[in-house]
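J.: This is query28.tsv, which holds TSV, N, CA and C atoms:
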chain	number	residue	atom	x	y	z
A	147	HIS	N	27.58	-13.43	11.31
A	147	HIS	CA	26.87	-12.42	12.08
A	147	HIS	C	26.56	-12.92	13.49
A	148	HIS	N	27.42	-13.71	14.05
A	148	HIS	CA	27.15	-14.28	15.36
A	148	HIS	C	27.08	-13.23	16.47
A	149	ARG	N	27.59	-12.05	16.25
A	149	ARG	CA	27.50	-10.99	17.27
A	149	ARG	C	26.33	-10.06	17.02
A	150	GLN	N	25.58	-10.28	15.97
A	150	GLN	CA	24.45	-9.43	15.63
A	150	GLN	C	23.15	-10.22	15.82
A	151	ALA	N	22.72	-10.33	17.06
A	151	ALA	CA	21.56	-11.16	17.39
A	151	ALA	C	20.28	-10.65	16.73
A	152	LEU	N	20.06	-9.33	16.75
A	152	LEU	CA	18.84	-8.77	16.16
A	152	LEU	C	18.80	-9.02	14.66
A	153	PHE	N	19.92	-8.81	13.98
A	153	PHE	CA	20.00	-9.05	12.55
A	153	PHE	C	19.74	-10.53	12.24
A	154	SER	N	20.33	-11.41	13.04
A	154	SER	CA	20.16	-12.84	12.82
A	154	SER	C	18.72	-13.28	13.02
A	155	LEU	N	18.07	-12.77	14.07
A	155	LEU	CA	16.67	-13.07	14.31
A	155	LEU	C	15.80	-12.57	13.16
A	156	ALA	N	16.04	-11.33	12.74
A	156	ALA	CA	15.25	-10.74	11.66
A	156	ALA	C	15.39	-11.54	10.38
A	157	LEU	N	16.60	-11.89	10.03
A	157	LEU	CA	16.83	-12.65	8.81
A	157	LEU	C	16.20	-14.04	8.91
A	158	SER	N	16.26	-14.66	10.07
A	158	SER	CA	15.64	-15.96	10.28
A	158	SER	C	14.12	-15.89	10.10
A	159	LEU	N	13.51	-14.83	10.61
A	159	LEU	CA	12.06	-14.67	10.45
A	159	LEU	C	11.68	-14.49	8.99
A	160	VAL	N	12.42	-13.66	8.28
A	160	VAL	CA	12.11	-13.42	6.86
A	160	VAL	C	12.29	-14.71	6.06
A	161	LEU	N	13.40	-15.39	6.26
A	161	LEU	CA	13.66	-16.62	5.51
A	161	LEU	C	12.69	-17.73	5.89
A	162	GLY	N	12.36	-17.85	7.19
A	162	GLY	CA	11.40	-18.86	7.63
A	162	GLY	C	10.02	-18.62	7.06
A	163	GLY	N	9.58	-17.36	7.07
A	163	GLY	CA	8.28	-17.02	6.49
A	163	GLY	C	8.24	-17.28	4.99
A	164	ALA	N	9.31	-16.91	4.30
A	164	ALA	CA	9.37	-17.15	2.86
A	164	ALA	C	9.36	-18.65	2.56
A	165	LEU	N	10.06	-19.43	3.36
A	165	LEU	CA	10.07	-20.87	3.18
A	165	LEU	C	8.69	-21.47	3.44
A	166	GLY	N	8.02	-20.98	4.47
A	166	GLY	CA	6.65	-21.44	4.75
A	166	GLY	C	5.71	-21.16	3.59
A	167	ASN	N	5.77	-19.97	3.04
A	167	ASN	CA	4.93	-19.64	1.88
A	167	ASN	C	5.33	-20.45	0.65
A	168	LEU	N	6.63	-20.70	0.48
A	168	LEU	CA	7.08	-21.51	-0.65
A	168	LEU	C	6.57	-22.94	-0.54
A	169	ILE	N	6.60	-23.50	0.67
A	169	ILE	CA	6.09	-24.86	0.87
A	169	ILE	C	4.60	-24.92	0.53
A	170	ASP	N	3.83	-23.93	0.98
A	170	ASP	CA	2.41	-23.88	0.61
A	170	ASP	C	2.24	-23.81	-0.90
A	171	ARG	N	3.03	-22.96	-1.54
A	171	ARG	CA	2.92	-22.76	-2.99
A	171	ARG	C	3.23	-24.06	-3.74
A	172	VAL	N	4.26	-24.79	-3.30
A	172	VAL	CA	4.64	-26.04	-3.97
A	172	VAL	C	3.61	-27.13	-3.67
A	173	ARG	N	3.18	-27.21	-2.43
A	173	ARG	CA	2.28	-28.30	-2.02
A	173	ARG	C	0.86	-28.12	-2.53
A	174	TRP	N	0.31	-26.91	-2.40
A	174	TRP	CA	-1.09	-26.67	-2.74
A	174	TRP	C	-1.29	-25.89	-4.03
A	175	GLY	N	-0.24	-25.21	-4.49
A	175	GLY	CA	-0.38	-24.37	-5.67
A	175	GLY	C	-0.77	-22.94	-5.32
A	176	TYR	N	-1.00	-22.67	-4.06
A	176	TYR	CA	-1.34	-21.34	-3.58
A	176	TYR	C	-0.95	-21.26	-2.10
A	177	VAL	N	-0.91	-20.05	-1.58
A	177	VAL	CA	-0.57	-19.86	-0.17
A	177	VAL	C	-1.86	-19.84	0.63
A	178	VAL	N	-1.90	-20.63	1.69
A	178	VAL	CA	-3.09	-20.73	2.53
A	178	VAL	C	-3.09	-19.57	3.54
A	179	ASP	N	-4.03	-18.65	3.38
A	179	ASP	CA	-4.21	-17.55	4.31
A	179	ASP	C	-5.40	-17.90	5.19
A	180	PHE	N	-5.20	-18.00	6.49
A	180	PHE	CA	-6.28	-18.47	7.36
A	180	PHE	C	-6.66	-17.49	8.47
A	181	LEU	N	-5.99	-16.36	8.54
A	181	LEU	CA	-6.37	-15.34	9.51
A	181	LEU	C	-7.07	-14.21	8.75
A	182	ASP	N	-8.35	-14.04	9.04
A	182	ASP	CA	-9.17	-13.10	8.29
A	182	ASP	C	-10.00	-12.29	9.29
A	183	PHE	N	-9.81	-10.99	9.34
A	183	PHE	CA	-10.45	-10.16	10.35
A	183	PHE	C	-11.36	-9.11	9.72
A	184	PHE	N	-12.43	-8.82	10.44
A	184	PHE	CA	-13.38	-7.78	10.06
A	184	PHE	C	-13.55	-6.84	11.24
A	185	TYR	N	-13.73	-5.56	10.95
A	185	TYR	CA	-14.08	-4.57	11.97
A	185	TYR	C	-15.28	-3.81	11.42
A	186	GLY	N	-16.45	-4.16	11.92
A	186	GLY	CA	-17.67	-3.60	11.35
A	186	GLY	C	-17.82	-4.09	9.92
A	187	SER	N	-17.88	-3.17	8.99
A	187	SER	CA	-17.97	-3.56	7.58
A	187	SER	C	-16.61	-3.50	6.88
A	188	THR	N	-15.56	-3.15	7.64
A	188	THR	CA	-14.23	-3.05	7.07
A	188	THR	C	-13.53	-4.40	7.14
A	189	HIS	N	-12.94	-4.81	6.03
A	189	HIS	CA	-12.25	-6.10	5.95
A	189	HIS	C	-10.76	-5.88	5.88
A	190	TRP	N	-10.02	-6.51	6.79
A	190	TRP	CA	-8.56	-6.47	6.77
A	190	TRP	C	-8.09	-7.58	5.85
A	191	PRO	N	-7.04	-7.38	5.05
A	191	PRO	CA	-6.56	-8.44	4.16
A	191	PRO	C	-6.20	-9.71	4.93
A	192	ALA	N	-6.52	-10.86	4.36
A	192	ALA	CA	-6.22	-12.15	4.98
A	192	ALA	C	-4.71	-12.39	4.97
A	193	PHE	N	-4.22	-13.07	5.99
A	193	PHE	CA	-2.80	-13.36	6.08
A	193	PHE	C	-2.58	-14.65	6.86
A	194	ASN	N	-1.34	-15.08	6.97
A	194	ASN	CA	-1.01	-16.29	7.72
A	194	ASN	C	0.21	-16.04	8.61
A	195	VAL	N	0.63	-17.06	9.33
A	195	VAL	CA	1.75	-16.91	10.26
A	195	VAL	C	3.04	-16.59	9.51
A	196	ALA	N	3.23	-17.18	8.33
A	196	ALA	CA	4.43	-16.89	7.53
A	196	ALA	C	4.48	-15.42	7.15
A	197	ASP	N	3.34	-14.84	6.80
A	197	ASP	CA	3.29	-13.42	6.47
A	197	ASP	C	3.66	-12.57	7.69
A	198	MET	N	3.20	-12.98	8.87
A	198	MET	CA	3.54	-12.25	10.09
A	198	MET	C	5.04	-12.32	10.36
A	199	ALA	N	5.64	-13.49	10.12
A	199	ALA	CA	7.08	-13.65	10.33
A	199	ALA	C	7.87	-12.76	9.37
A	200	ILE	N	7.46	-12.72	8.12
A	200	ILE	CA	8.14	-11.88	7.13
A	200	ILE	C	8.02	-10.41	7.51
A	201	THR	N	6.82	-9.97	7.86
A	201	THR	CA	6.60	-8.58	8.23
A	201	THR	C	7.40	-8.20	9.48
A	202	GLY	N	7.34	-9.05	10.49
A	202	GLY	CA	8.09	-8.79	11.71
A	202	GLY	C	9.59	-8.77	11.46
A	203	GLY	N	10.07	-9.69	10.63
A	203	GLY	CA	11.49	-9.74	10.29
A	203	GLY	C	11.95	-8.50	9.56
A	204	VAL	N	11.15	-8.02	8.63
A	204	VAL	CA	11.50	-6.80	7.89
A	204	VAL	C	11.53	-5.60	8.84
A	205	MET	N	10.56	-5.54	9.76
A	205	MET	CA	10.57	-4.43	10.73
A	205	MET	C	11.83	-4.48	11.59
A	206	LEU	N	12.23	-5.67	12.01
A	206	LEU	CA	13.45	-5.80	12.81
A	206	LEU	C	14.69	-5.45	11.99
A	207	LEU	N	14.71	-5.80	10.70
A	207	LEU	CA	15.84	-5.41	9.84
A	207	LEU	C	15.95	-3.89	9.74
A	208	ILE	N	14.82	-3.22	9.59
A	208	ILE	CA	14.82	-1.76	9.53
A	208	ILE	C	15.30	-1.18	10.85
A	209	LEU	N	14.80	-1.72	11.96
A	209	LEU	CA	15.23	-1.26	13.28
A	209	LEU	C	16.73	-1.46	13.46
A	210	ASP	N	17.23	-2.62	13.07
A	210	ASP	CA	18.66	-2.91	13.19
A	210	ASP	C	19.48	-1.95	12.33
A	211	SER	N	19.00	-1.66	11.14
A	211	SER	CA	19.70	-0.74	10.25
A	211	SER	C	19.75	0.67	10.84
A	212	LEU	N	18.63	1.11	11.39
A	212	LEU	CA	18.59	2.44	12.01
A	212	LEU	C	19.50	2.50	13.23
A	213	ARG	N	19.52	1.43	14.00
A	213	ARG	CA	20.39	1.37	15.18
A	213	ARG	C	21.85	1.43	14.79
A	214	GLN	N	22.21	0.71	13.74
A	214	GLN	CA	23.60	0.69	13.30
A	214	GLN	C	24.04	2.03	12.74
A	215	SER	N	23.15	2.69	11.99
A	215	SER	CA	23.52	4.00	11.44
A	215	SER	C	23.66	5.03	12.55
A	216	ARG	N	22.83	4.94	13.60
A	216	ARG	CA	22.95	5.84	14.74
A	216	ARG	C	24.25	5.59	15.50
A	217	ASP	N	24.63	4.31	15.67
A	217	ASP	CA	25.87	3.97	16.36
A	217	ASP	C	27.10	4.45	15.60
A	218	LYS	N	27.04	4.45	14.27
A	218	LYS	CA	28.19	4.90	13.47
A	218	LYS	C	28.40	6.41	13.57
A	219	LYS	N	27.31	7.15	13.79
A	219	LYS	CA	27.40	8.60	13.90
A	219	LYS	C	28.08	9.04	15.19
A	220	SER	N	27.93	8.23	16.25
A	220	SER	CA	28.51	8.65	17.52
A	220	SER	C	29.88	8.09	17.74
Rewrite the coordinates I just gave you, this time as structure tokens.
T.:
Amino acid sequence: HHRQALFSLALSLVLGGALGNLIDRVRWGYVVDFLDFFYGSTHWPAFNVADMAITGGVMLLILDSLRQSRDKKS
């Protein structure tokens, strides 16, 4: 996929995030979530950088898929 930069970046983010969570799971027995936000009395679920990489990678995969399907139609 050397000509598909967006796909390659997205896949790298997903795999890197999964590897980061796997390392935490093997090393500590659980995933360390250290970003925890509150807005008033509302609590946002805790997450970490690996979770952000996975989420961002999946969003880029969806974007790449939509872009490719649009390009095939034209």
J.: Taking the DSSP secondary structure from the backbone, can you list the residues of chain A that are strand (DSSP E or B), as a JSON list (two decimals) with N, CA and C atoms, in the coordinates of the input?
T.:
[["chain", "number", "residue", "atom", "x", "y", "z"],
["A", 181, "LEU", "N", -5.99, -16.36, 8.54],
["A", 181, "LEU", "CA", -6.37, -15.34, 9.51],
["A", 181, "LEU", "C", -7.07, -14.21, 8.75],
["A", 184, "PHE", "N", -12.43, -8.82, 10.44],
["A", 184, "PHE", "CA", -13.38, -7.78, 10.06],
["A", 184, "PHE", "C", -13.55, -6.84, 11.24],
["A", 185, "TYR", "N", -13.73, -5.56, 10.95],
["A", 185, "TYR", "CA", -14.08, -4.57, 11.97],
["A", 185, "TYR", "C", -15.28, -3.81, 11.42],
["A", 188, "THR", "N", -15.56, -3.15, 7.64],
["A", 188, "THR", "CA", -14.23, -3.05, 7.07],
["A", 188, "THR", "C", -13.53, -4.40, 7.14],
["A", 189, "HIS", "N", -12.94, -4.81, 6.03],
["A", 189, "HIS", "CA", -12.25, -6.10, 5.95],
["A", 189, "HIS", "C", -10.76, -5.88, 5.88],
["A", 193, "PHE", "N", -4.22, -13.07, 5.99],
["A", 193, "PHE", "CA", -2.80, -13.36, 6.08],
["A", 193, "PHE", "C", -2.58, -14.65, 6.86]]
J.: Could you name the residues that touch A:Leu207 at 8 Å or less, counting all atoms listed in the file, but leaving out those on the same chain fewer than 4 positions away, as a ChimeraX atom specification?
T.: /A:152-153,155-157,201-203,211-213
J.: Can you pull out every residue within 6 Å of stretch 160-172 of chain A, counting only N, CA and C atoms, but drop anything in the same chain fewer than 4 positions away, and send it as a list of chain:residue names?
T.: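 Listed by chain and then number, they are A:Ala156, A:Tyr176, A:Val177, A:Val178, A:Ala196, A:Asp197, A:Ala199, A:Ile200, A:Gly203, A:Val204.
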J.: What does the structure give for the distance between atom N of A:Ser154 and atom C of A:Leu209, in Å to one decimal?
T.: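 Distance between the two atoms: 10.6 Å.
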J.: Mind pulling up the distance from atom CA of A:Ile208 to atom N of A:Phe193?
T.: 22.4 Å
J.: Starting from the sparse input, extend stretch 151-162 of chain A to all heavy atoms and give the output as a short mmCIF file (atom, residue, chain, number, x, y, z; two decimals), in the frame of the given file.
T.:
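The resulting file, out_27.cif, is reproduced below:
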data_model
loop_
_atom_site.label_atom_id
_atom_site.label_comp_id
_atom_site.auth_asym_id
_atom_site.auth_seq_id
_atom_site.Cartn_x
_atom_site.Cartn_y
_atom_site.Cartn_z
N ALA A 151 22.72 -10.33 17.06
CA ALA A 151 21.56 -11.16 17.39
C ALA A 151 20.28 -10.65 16.73
O ALA A 151 19.49 -11.44 16.21
CB ALA A 151 21.38 -11.22 18.90
N LEU A 152 20.06 -9.33 16.75
CA LEU A 152 18.84 -8.77 16.16
C LEU A 152 18.80 -9.02 14.66
O LEU A 152 17.77 -9.44 14.12
CB LEU A 152 18.74 -7.27 16.46
CG LEU A 152 17.46 -6.58 16.00
CD1 LEU A 152 16.24 -7.20 16.67
CD2 LEU A 152 17.52 -5.09 16.30
N PHE A 153 19.92 -8.81 13.98
CA PHE A 153 20.00 -9.05 12.55
C PHE A 153 19.74 -10.53 12.24
O PHE A 153 18.99 -10.86 11.32
CB PHE A 153 21.37 -8.63 12.01
CG PHE A 153 21.55 -8.95 10.56
CD1 PHE A 153 21.01 -8.12 9.58
CD2 PHE A 153 22.27 -10.06 10.16
CE1 PHE A 153 21.17 -8.42 8.24
CE2 PHE A 153 22.44 -10.36 8.82
CZ PHE A 153 21.89 -9.53 7.85
N SER A 154 20.33 -11.41 13.04
CA SER A 154 20.16 -12.84 12.82
C SER A 154 18.72 -13.28 13.02
O SER A 154 18.18 -14.07 12.24
CB SER A 154 21.08 -13.63 13.75
OG SER A 154 22.42 -13.34 13.47
N LEU A 155 18.07 -12.77 14.07
CA LEU A 155 16.67 -13.07 14.31
C LEU A 155 15.80 -12.57 13.16
O LEU A 155 14.93 -13.29 12.66
CB LEU A 155 16.21 -12.45 15.63
CG LEU A 155 14.72 -12.55 15.93
CD1 LEU A 155 14.28 -13.99 16.08
CD2 LEU A 155 14.38 -11.74 17.17
N ALA A 156 16.04 -11.33 12.74
CA ALA A 156 15.25 -10.74 11.66
C ALA A 156 15.39 -11.54 10.38
O ALA A 156 14.39 -11.85 9.72
CB ALA A 156 15.68 -9.30 11.44
N LEU A 157 16.60 -11.89 10.03
CA LEU A 157 16.83 -12.65 8.81
C LEU A 157 16.20 -14.04 8.91
O LEU A 157 15.62 -14.53 7.93
CB LEU A 157 18.33 -12.75 8.54
CG LEU A 157 18.73 -13.19 7.15
CD1 LEU A 157 18.15 -12.27 6.09
CD2 LEU A 157 20.25 -13.21 7.03
N SER A 158 16.26 -14.66 10.07
CA SER A 158 15.64 -15.96 10.28
C SER A 158 14.12 -15.89 10.10
O SER A 158 13.52 -16.79 9.50
CB SER A 158 15.96 -16.50 11.67
OG SER A 158 17.32 -16.71 11.82
N LEU A 159 13.51 -14.83 10.61
CA LEU A 159 12.06 -14.67 10.45
C LEU A 159 11.68 -14.49 8.99
O LEU A 159 10.72 -15.10 8.50
CB LEU A 159 11.57 -13.48 11.28
CG LEU A 159 11.51 -13.69 12.78
CD1 LEU A 159 11.25 -12.35 13.49
CD2 LEU A 159 10.44 -14.69 13.15
N VAL A 160 12.42 -13.66 8.28
CA VAL A 160 12.11 -13.42 6.86
C VAL A 160 12.29 -14.71 6.06
O VAL A 160 11.41 -15.10 5.27
CB VAL A 160 13.00 -12.29 6.28
CG1 VAL A 160 12.86 -12.20 4.77
CG2 VAL A 160 12.64 -10.96 6.92
N LEU A 161 13.40 -15.39 6.26
CA LEU A 161 13.66 -16.62 5.51
C LEU A 161 12.69 -17.73 5.89
O LEU A 161 12.21 -18.48 5.03
CB LEU A 161 15.10 -17.07 5.71
CG LEU A 161 16.16 -16.14 5.12
CD1 LEU A 161 17.56 -16.62 5.49
CD2 LEU A 161 16.01 -16.04 3.62
N GLY A 162 12.36 -17.85 7.19
CA GLY A 162 11.40 -18.86 7.63
C GLY A 162 10.02 -18.62 7.06
O GLY A 162 9.34 -19.55 6.61
#
